Amino acid sequence: MTGPEHQPTTAQPTTAQLAASARAVREHIVDMCAGPEGGHLGGSMSAVEILVALFFRTMDIDPADPEWKQRDIFVLSKGHAAMALYATLAERGFIPRAEVATFCRPGSRLATHGNVAVPGVEFATGSLGHGLALANGTAWAQRQAGGAAEDAAARTPARTFVLLGDGELQEGTVWEAAQVARALNADNLVAVVDVNGFQQTGAVREVSDGAPVADRWAGFGWHTVEVDGHDLAALGEALDGAVRAPGPAAVVCRTVKARGVGVLEGRPASHFVRLDTERKLARVRSSLGAAAPAASGGGRPGRG
């Protein structure tokens, strides 16, 4: 939605342009993992195309005015993937690209988990299971601000998108929030689920199997679609359908842990990585884009 005096929307990028942005985001993530603290590489890499599709194609936002009142809102519920969000914000123009190099350095605003001091970060997240409840609140506020026009089609509230991990779905608060969203008929709320198959302690199916994920969301009355979370064209179409849904919508994305880093794809050890030697960094950089044909992909705080 755009206001009468504020129209940030630009022409839709091509799939090739989106892919180039995704490549740049992955390079930033690898560089951040080379910092003193390391980072949650696996779950950040699995979410790259999702974030690029949202921030470069689907969401109505303005990097020049991050606080624009009619903006679409993004909530990173799987807060340990903050590296991917920071990198996306840098490529989208919310923060300088050079700031990525300060990740977890003394005095930096780029903390391990989301920091609201960073333009484009709406909530400080990291304690899993709360993002959908927060998104319920922002989506409700957006609908109130959008008015209650007699013609429902004339109502154009801004939208809220929330990204969750599949391990995170083990939190009961997620399903309480899902039930509330359906009861409120939150037609401007889209949940995107990064199903990479792993959490901190191993494969999700071995810890607490919640499959099939799409059926669970549909069972709560959500419009649900399942898609390859690394296919930018398919993601765009799925998100288009989600924003047109008459109630809350869930886009369930099949992804690969550490996608794009051939030496780590689908490995639980990719969950948290510290590239603290030139040899490690060089090996990972050289494998960027050397994706395995199929894998699923879990060490430090965070699930999925």
# chains A, B, ... in the order shown; residues from 1 in each chain; ligands from 1
$ select_by_dssp --residues "segment 28-265 of chain A" --states "helix (DSSP H, G or I)" --output "ChimeraX atom specification"
/A:28-33,41-45,48-58,79-92,97-102,131-146,152-154,167-170,172-183,204-208,213-219,232-244
$ write_last_selection --atoms "C-alpha atoms" --output "CSV table (one decimal), in the first residue's frame"
chain,number,residue,atom,x,y,z
A,28,HIS,CA,28.0,-11.1,3.5
A,29,ILE,CA,26.9,-14.0,5.7
A,30,VAL,CA,30.2,-15.9,5.2
A,31,ASP,CA,32.2,-12.7,5.9
A,32,MET,CA,30.2,-12.2,9.2
A,33,CYS,CA,31.0,-15.7,10.2
A,41,LEU,CA,25.4,-19.8,9.2
A,42,GLY,CA,23.1,-22.8,8.4
A,43,GLY,CA,19.8,-21.2,9.3
A,44,SER,CA,20.8,-17.9,7.8
A,45,MET,CA,21.7,-19.5,4.5
A,48,VAL,CA,18.3,-16.2,2.0
A,49,GLU,CA,15.9,-16.5,-1.0
A,50,ILE,CA,12.9,-16.0,1.3
A,51,LEU,CA,14.3,-12.7,2.6
A,52,VAL,CA,15.4,-11.5,-0.9
A,53,ALA,CA,11.9,-12.3,-2.3
A,54,LEU,CA,10.2,-10.4,0.5
A,55,PHE,CA,12.5,-7.4,0.7
A,56,PHE,CA,13.2,-6.9,-3.0
A,57,ARG,CA,9.9,-8.1,-4.5
A,58,THR,CA,6.9,-8.5,-2.3
A,79,GLY,CA,16.0,-14.4,15.5
A,80,HIS,CA,19.3,-16.4,15.3
A,81,ALA,CA,19.2,-15.9,11.5
A,82,ALA,CA,19.8,-12.1,12.1
A,83,MET,CA,22.9,-12.3,9.9
A,84,ALA,CA,20.7,-13.0,6.9
A,85,LEU,CA,18.4,-10.1,7.8
A,86,TYR,CA,21.3,-7.7,8.3
A,87,ALA,CA,22.8,-8.7,4.9
A,88,THR,CA,19.5,-8.3,3.2
A,89,LEU,CA,19.0,-4.9,4.7
A,90,ALA,CA,22.5,-3.9,3.6
A,91,GLU,CA,21.8,-5.0,0.0
A,92,ARG,CA,18.4,-3.3,0.0
A,97,ARG,CA,27.1,-2.5,3.0
A,98,ALA,CA,30.3,-1.6,4.9
A,99,GLU,CA,28.5,-1.9,8.2
A,100,VAL,CA,28.2,-5.7,7.7
A,101,ALA,CA,31.9,-6.0,8.6
A,102,THR,CA,31.1,-4.7,12.1
A,131,GLY,CA,7.3,-13.8,16.6
A,132,LEU,CA,3.9,-14.9,15.4
A,133,ALA,CA,2.2,-13.3,18.4
A,134,LEU,CA,4.1,-10.1,17.7
A,135,ALA,CA,3.0,-10.3,14.1
A,136,ASN,CA,-0.6,-10.7,15.1
A,137,GLY,CA,-0.3,-7.5,17.0
A,138,THR,CA,1.2,-5.5,14.1
A,139,ALA,CA,-1.2,-7.0,11.6
A,140,TRP,CA,-4.2,-6.0,13.8
A,141,ALA,CA,-2.9,-2.5,14.2
A,142,GLN,CA,-2.4,-2.2,10.5
A,143,ARG,CA,-6.0,-3.3,9.8
A,144,GLN,CA,-7.2,-0.7,12.3
A,145,ALA,CA,-5.2,2.0,10.6
A,146,GLY,CA,-6.4,0.9,7.2
A,152,ALA,CA,-14.0,-4.6,1.9
A,153,ALA,CA,-12.1,-4.5,-1.4
A,154,ALA,CA,-11.4,-0.8,-0.8
A,167,GLY,CA,12.3,-26.4,14.9
A,168,GLU,CA,10.6,-23.3,16.3
A,169,LEU,CA,7.2,-24.9,15.6
A,170,GLN,CA,7.7,-27.1,18.7
A,172,GLY,CA,3.2,-24.1,21.9
A,173,THR,CA,3.0,-20.3,21.6
A,174,VAL,CA,3.2,-20.6,17.9
A,175,TRP,CA,0.0,-22.5,17.6
A,176,GLU,CA,-1.8,-20.3,20.2
A,177,ALA,CA,-0.9,-17.4,18.0
A,178,ALA,CA,-2.0,-19.3,14.9
A,179,GLN,CA,-5.4,-19.9,16.4
A,180,VAL,CA,-5.8,-16.2,17.4
A,181,ALA,CA,-4.8,-15.1,13.9
A,182,ARG,CA,-7.5,-17.3,12.4
A,183,ALA,CA,-10.1,-16.1,14.9
A,204,VAL,CA,13.7,-32.0,13.6
A,205,ARG,CA,12.1,-35.3,12.8
A,206,GLU,CA,14.3,-37.0,15.4
A,207,VAL,CA,13.7,-34.4,18.1
A,208,SER,CA,10.0,-33.9,17.8
A,213,VAL,CA,4.1,-28.9,8.4
A,214,ALA,CA,1.8,-27.6,5.7
A,215,ASP,CA,-1.1,-29.8,7.0
A,216,ARG,CA,-0.7,-28.4,10.5
A,217,TRP,CA,-1.1,-24.8,9.3
A,218,ALA,CA,-4.1,-25.8,7.1
A,219,GLY,CA,-5.6,-27.6,10.1
A,232,LEU,CA,12.8,-17.3,-6.4
A,233,ALA,CA,10.2,-17.4,-9.2
A,234,ALA,CA,8.1,-20.0,-7.3
A,235,LEU,CA,8.5,-18.1,-4.1
A,236,GLY,CA,7.3,-14.9,-5.7
A,237,GLU,CA,4.2,-16.6,-7.0
A,238,ALA,CA,3.5,-18.2,-3.6
A,239,LEU,CA,3.8,-14.9,-1.8
A,240,ASP,CA,1.5,-13.2,-4.4
A,241,GLY,CA,-1.1,-15.8,-3.6
A,242,ALA,CA,-0.6,-15.5,0.1
A,243,VAL,CA,-1.2,-11.7,0.2
A,244,ARG,CA,-4.5,-12.2,-1.8
$ select_by_dssp --residues "segment 47-257 of chain A" --states "strand (DSSP E)" --output "ChimeraX atom specification"
/A:73-76,160-165,189-195,198-199,202-203,223-228,249-254
$ residues_around --residues "segment 253-256 of chain A" --least-positions-apart "5" --cutoff "9 Å" --atoms "only C-alpha atoms" --output "ChimeraX atom specification"
/A:42-43,45-47,50,192-197,225-230,235,265-266,294-297
$ write_last_selection --atoms "all heavy atoms" --output "short mmCIF file (atom, residue, chain, number, x, y, z; two decimals), in the first residue's frame"
data_model
loop_
_atom_site.label_atom_id
_atom_site.label_comp_id
_atom_site.auth_asym_id
_atom_site.auth_seq_id
_atom_site.Cartn_x
_atom_site.Cartn_y
_atom_site.Cartn_z
N GLY A 42 24.04 -21.88 9.08
CA GLY A 42 23.10 -22.80 8.44
C GLY A 42 21.71 -22.24 8.26
O GLY A 42 21.17 -22.24 7.15
N GLY A 43 21.11 -21.77 9.35
CA GLY A 43 19.76 -21.24 9.29
C GLY A 43 19.66 -19.89 8.63
O GLY A 43 18.58 -19.48 8.20
N MET A 45 21.62 -19.14 5.89
CA MET A 45 21.71 -19.47 4.46
C MET A 45 20.41 -20.07 3.92
O MET A 45 20.02 -19.81 2.79
CB MET A 45 22.87 -20.43 4.22
CG MET A 45 24.25 -19.82 4.38
SD MET A 45 24.60 -18.59 3.09
CE MET A 45 26.37 -18.39 3.29
N SER A 46 19.73 -20.86 4.74
CA SER A 46 18.51 -21.49 4.25
C SER A 46 17.40 -20.48 4.00
O SER A 46 16.48 -20.72 3.23
CB SER A 46 18.02 -22.57 5.23
OG SER A 46 17.65 -22.00 6.48
N ALA A 47 17.51 -19.29 4.63
CA ALA A 47 16.46 -18.28 4.53
C ALA A 47 16.77 -17.19 3.52
O ALA A 47 15.97 -16.26 3.35
CB ALA A 47 16.24 -17.64 5.90
N ILE A 50 14.19 -16.51 0.70
CA ILE A 50 12.95 -16.03 1.32
C ILE A 50 13.05 -14.54 1.61
O ILE A 50 12.15 -13.76 1.26
CB ILE A 50 12.65 -16.80 2.62
CG1 ILE A 50 12.40 -18.28 2.32
CG2 ILE A 50 11.46 -16.19 3.36
CD1 ILE A 50 12.36 -19.17 3.56
N VAL A 192 5.79 -17.20 6.96
CA VAL A 192 6.67 -17.96 6.06
C VAL A 192 7.50 -18.89 6.93
O VAL A 192 8.14 -18.44 7.89
CB VAL A 192 7.58 -17.01 5.25
CG1 VAL A 192 8.39 -17.82 4.24
CG2 VAL A 192 6.76 -15.93 4.54
N VAL A 193 7.47 -20.17 6.63
CA VAL A 193 8.15 -21.16 7.47
C VAL A 193 9.34 -21.75 6.71
O VAL A 193 9.19 -22.29 5.62
CB VAL A 193 7.19 -22.29 7.89
CG1 VAL A 193 7.85 -23.18 8.93
CG2 VAL A 193 5.89 -21.72 8.44
N ASP A 194 10.51 -21.61 7.31
CA ASP A 194 11.75 -22.13 6.74
C ASP A 194 11.94 -23.56 7.23
O ASP A 194 12.41 -23.80 8.35
CB ASP A 194 12.91 -21.22 7.19
CG ASP A 194 14.26 -21.67 6.67
OD1 ASP A 194 14.32 -22.67 5.93
OD2 ASP A 194 15.28 -21.03 7.01
N VAL A 195 11.57 -24.52 6.40
CA VAL A 195 11.64 -25.93 6.77
C VAL A 195 12.95 -26.51 6.24
O VAL A 195 13.00 -27.11 5.16
CB VAL A 195 10.42 -26.70 6.23
CG1 VAL A 195 10.46 -28.17 6.69
CG2 VAL A 195 9.12 -26.05 6.68
N ASN A 196 14.03 -26.31 7.01
CA ASN A 196 15.32 -26.84 6.58
C ASN A 196 15.67 -28.17 7.22
O ASN A 196 16.73 -28.74 6.96
CB ASN A 196 16.44 -25.81 6.81
CG ASN A 196 16.66 -25.47 8.27
OD1 ASN A 196 16.51 -26.31 9.15
ND2 ASN A 196 17.05 -24.23 8.54
N GLY A 197 14.77 -28.67 8.07
CA GLY A 197 14.91 -30.03 8.58
C GLY A 197 15.79 -30.22 9.80
O GLY A 197 15.85 -31.32 10.34
N VAL A 225 0.27 -22.88 1.37
CA VAL A 225 0.90 -23.34 0.14
C VAL A 225 2.32 -23.80 0.47
O VAL A 225 2.97 -23.25 1.37
CB VAL A 225 0.93 -22.21 -0.93
CG1 VAL A 225 1.74 -21.02 -0.45
CG2 VAL A 225 1.48 -22.73 -2.26
N GLU A 226 2.78 -24.84 -0.20
CA GLU A 226 4.12 -25.36 0.01
C GLU A 226 4.95 -25.09 -1.24
O GLU A 226 4.46 -25.24 -2.37
CB GLU A 226 4.07 -26.86 0.30
CG GLU A 226 5.34 -27.43 0.86
CD GLU A 226 5.15 -28.81 1.46
OE1 GLU A 226 4.03 -29.34 1.39
OE2 GLU A 226 6.14 -29.36 2.01
N VAL A 227 6.22 -24.70 -1.06
CA VAL A 227 7.02 -24.26 -2.20
C VAL A 227 8.49 -24.55 -1.95
O VAL A 227 8.91 -24.69 -0.79
CB VAL A 227 6.79 -22.74 -2.44
CG1 VAL A 227 7.36 -21.92 -1.28
CG2 VAL A 227 7.36 -22.27 -3.76
N ASP A 228 9.26 -24.65 -3.01
CA ASP A 228 10.71 -24.75 -2.91
C ASP A 228 11.22 -23.39 -2.45
O ASP A 228 11.12 -22.39 -3.17
CB ASP A 228 11.30 -25.10 -4.29
CG ASP A 228 12.82 -25.22 -4.30
OD1 ASP A 228 13.47 -24.70 -3.36
OD2 ASP A 228 13.36 -25.81 -5.25
N GLY A 229 11.80 -23.33 -1.25
CA GLY A 229 12.21 -22.06 -0.68
C GLY A 229 13.45 -21.46 -1.29
O GLY A 229 13.89 -20.38 -0.86
N HIS A 230 14.04 -22.10 -2.29
CA HIS A 230 15.20 -21.54 -2.98
C HIS A 230 14.88 -21.17 -4.42
O HIS A 230 15.75 -20.68 -5.14
CB HIS A 230 16.38 -22.52 -2.93
CG HIS A 230 16.80 -22.87 -1.54
ND1 HIS A 230 17.23 -21.92 -0.63
CD2 HIS A 230 16.82 -24.05 -0.88
CE1 HIS A 230 17.53 -22.51 0.52
NE2 HIS A 230 17.28 -23.79 0.40
N LEU A 235 8.74 -18.79 -5.31
CA LEU A 235 8.51 -18.07 -4.07
C LEU A 235 7.67 -16.82 -4.31
O LEU A 235 6.73 -16.53 -3.57
CB LEU A 235 9.85 -17.66 -3.45
CG LEU A 235 10.44 -18.52 -2.35
CD1 LEU A 235 11.83 -18.02 -1.99
CD2 LEU A 235 9.55 -18.53 -1.12
N GLU A 265 26.42 -27.85 3.25
CA GLU A 265 25.00 -28.05 3.01
C GLU A 265 24.46 -29.31 3.68
O GLU A 265 25.05 -30.39 3.59
CB GLU A 265 24.72 -28.14 1.50
CG GLU A 265 24.57 -26.80 0.84
CD GLU A 265 23.91 -26.91 -0.52
OE1 GLU A 265 23.65 -28.04 -0.96
OE2 GLU A 265 23.63 -25.86 -1.12
N GLY A 266 23.30 -29.14 4.33
CA GLY A 266 22.62 -30.28 4.91
C GLY A 266 23.30 -30.90 6.12
O GLY A 266 22.93 -32.00 6.54
N ALA A 294 20.64 -32.19 -3.52
CA ALA A 294 19.55 -32.39 -2.57
C ALA A 294 20.13 -32.68 -1.21
O ALA A 294 21.05 -33.46 -1.07
CB ALA A 294 18.64 -33.54 -3.01
N ALA A 295 19.58 -32.01 -0.19
CA ALA A 295 20.01 -32.26 1.18
C ALA A 295 19.02 -31.58 2.09
O ALA A 295 18.18 -30.82 1.64
CB ALA A 295 21.41 -31.71 1.42
N SER A 296 19.12 -31.86 3.35
CA SER A 296 18.33 -31.12 4.32
C SER A 296 19.25 -30.71 5.43
O SER A 296 20.17 -31.42 5.77
CB SER A 296 17.18 -31.95 4.87
OG SER A 296 16.21 -32.18 3.89
N GLY A 297 18.89 -29.63 5.83
CA GLY A 297 19.85 -29.26 6.76
C GLY A 297 19.23 -28.76 7.98
O GLY A 297 19.54 -27.78 8.40
#
$ closest_residue --among "A:Glu171, A:Trp68, A:Ala22, A:Arg109" --to "Ala158 of chain A" --atoms "only C-alpha atoms"
A:Trp68
$ residues_around --residues "Ala186 of chain A" --least-positions-apart "2" --cutoff "6 Å" --atoms "only C-alpha atoms" --output "VMD selection string"
chain A and resid 181 184 188 to 189 247 to 248
$ write_last_selection --atoms "C-alpha atoms" --output "PDB file, in the first residue's frame"
ATOM      1  CA  ALA A 181      -4.842 -15.086  13.867  1.00  0.00           C
ATOM      2  CA  LEU A 184      -9.231 -12.486  13.953  1.00  0.00           C
ATOM      3  CA  ASN A 188      -2.981  -9.096   6.019  1.00  0.00           C
ATOM      4  CA  LEU A 189      -0.785 -11.607   7.882  1.00  0.00           C
ATOM      5  CA  GLY A 247      -7.496 -14.861   5.845  1.00  0.00           C
ATOM      6  CA  PRO A 248      -4.068 -15.545   7.352  1.00  0.00           C
TER       7      PRO A 248
END
$ residues_around --residues "Ala249 of chain A" --least-positions-apart "6" --cutoff "6 Å" --atoms "only C-alpha atoms" --output "PyMOL selection string"
chain A and resi 190+222-224+242
